[in-house]
Amino acid sequence: MPTRLPPTCFNWCATVSDHVTLGDRIKTLPQFLLPQQALTRLANRISNSKRLARPMIALIRRLFAIELDDYQMPDGGFATFDAFFTRALRPGARRFPDDPAAIACPSDGRISQIGAVTGGSLLQAKGRSFRLHELLADRDWAERLDGGRFVTVYLAPSDYHRVHVPVSGRLLREWRVPGKLFSVSEATTRTVDRLFARNERMVALFETTHGPVAVVMVAAMLVAGIETTWDTNGPTRPGRTVSKRDFDPQPELVRGDELGRFHWGSTVIVVTPPGAPAWRPELSAGAVVRLGQPLT
């Protein structure tokens with residue numbers, strides 16, 4: 001019998017957009033057909049295999065020209081590929097702004113999009129946007145942040161894969177949102193509607209001197225879990241429904257504190273409220289950024 005394509009694939013193939021090339025469509029099509037969850041579970045097992053650690057690390061370092069001068073090196077080397085991928089920076093490898101009120105970049109990476117939250121929408125790519133309330137899985141917080149600003153940072157395989165607190169504040173809530181596991185590559189971001197609001201994600205909500213701030217860690221294909229510093233059992237993934245956790249007492253996190261880490265790479269989105277400092281004018285889509293770099 002011929003293979004039956006899922007309805008979402010037909011919708012994707014039928015979508016016409018001047019901003020998406022045929023090449024992007026061809027690159028993205030397999031993601032609608034591949035078993036995303038099964039492949040991610042397999043990636044988790046492989047990345048934690050001690051036997052495969054050395055060849056995998058050597059291959060990735062060669063493919064992406066990864067230098068380790070900025071990182072802490074464990075005695076005897078990295079035990080697994082996952083330990084290599086989530087490696088820690090050496091002390092002093094990144095600097096944060098002198099101004100304690102400045103909002104800092106939460107990770108190394110490349111800006112995918114940056115701008116204002118307008119009418120409850122964020123820009124995903126040219127010709128595509130998505131709704132803030134869908135990203136956060138909460139309308140009340142979306143209303144509080146509407147009219148503010150956002151920055152989306154893509155973490156490539158060669159980047160440092162820990163995410164840090166961009167501005168000091170009280171951690172109010174953590175939400176784990178189930179979803180798909182599409183890649184977050186540039187081609188997929190240009191092609192798949194509402195990508196970041198469809199993928200699995202962890203939403204951390206803060207109260208800061210600037211008002212409410214959201215930090216969203218978005219999972220992707222082969223990302224075998226998002227781990228936060230308050231997790232007690234390592235990386236976790238959401239269940240079938242949104243799980244919401246309120247903190248009592250609410251921990252005070254200082255800008256620069258580690259927030260969490262990706263087991264394999266993905267994307268982090270920071271959303272600030274109306275009245276918060278404006279992004280620096282030299283920042284734009286495509287700019288390479290570093291952890292601690294001032295955004296405001």
# chains A, B, ... in the order shown; residues from 1 in each chain; ligands from 1
>>> residues_around(residues="Phe262 in chain A", least_positions_apart="3", cutoff="10 Å", atoms="only C-alpha atoms", output="JSON, numbers by chain")
{"A": [82, 85, 86, 155, 160, 161, 162, 163, 217, 218, 219, 220, 223, 224, 225, 226, 227, 228, 235, 265, 266, 267, 268]}
>>> select_by_dssp(residues="range 158-206 of chain A", states="alpha helix (DSSP H)", output="list in words")
Glu186, Ala187, Thr188, Thr189, Arg190, Thr191, Leu195, Phe196, Ala197 and Arg198 of chain A
>>> closest_residue(among="A:Glu200, A:Glu134, A:Asp99, A:Asp146", to="Leu181 in chain A", atoms="only C-alpha atoms")
A:Glu200
>>> closest_residue(among="A:Leu42, A:Leu52, A:Val177, A:Ile114", to="Met221 in chain A", atoms="only C-alpha atoms")
A:Leu42
>>> closest_residue(among="A:Pro274, A:Val153, A:Gly179, A:Pro97", to="Leu135 in chain A", atoms="only C-alpha atoms")
A:Gly179
>>> select_by_dssp(residues="range 153-287 of chain A", states="strand (DSSP E or B)", output="number ranges by chain")
A: 153-154, 162-164, 169-177, 180, 199, 201-208, 211-218, 226-228, 236, 243-246, 252-253, 258-262, 267-272
>>> closest_residue(among="A:Arg149, A:His133, A:Arg170, A:Arg61", to="Leu253 in chain A", atoms="only C-alpha atoms")
A:Arg170
>>> atom_distance(atom1="CA of Ile103 in chain A", atom2="CA of Ala142 in chain A")
19.8 Å
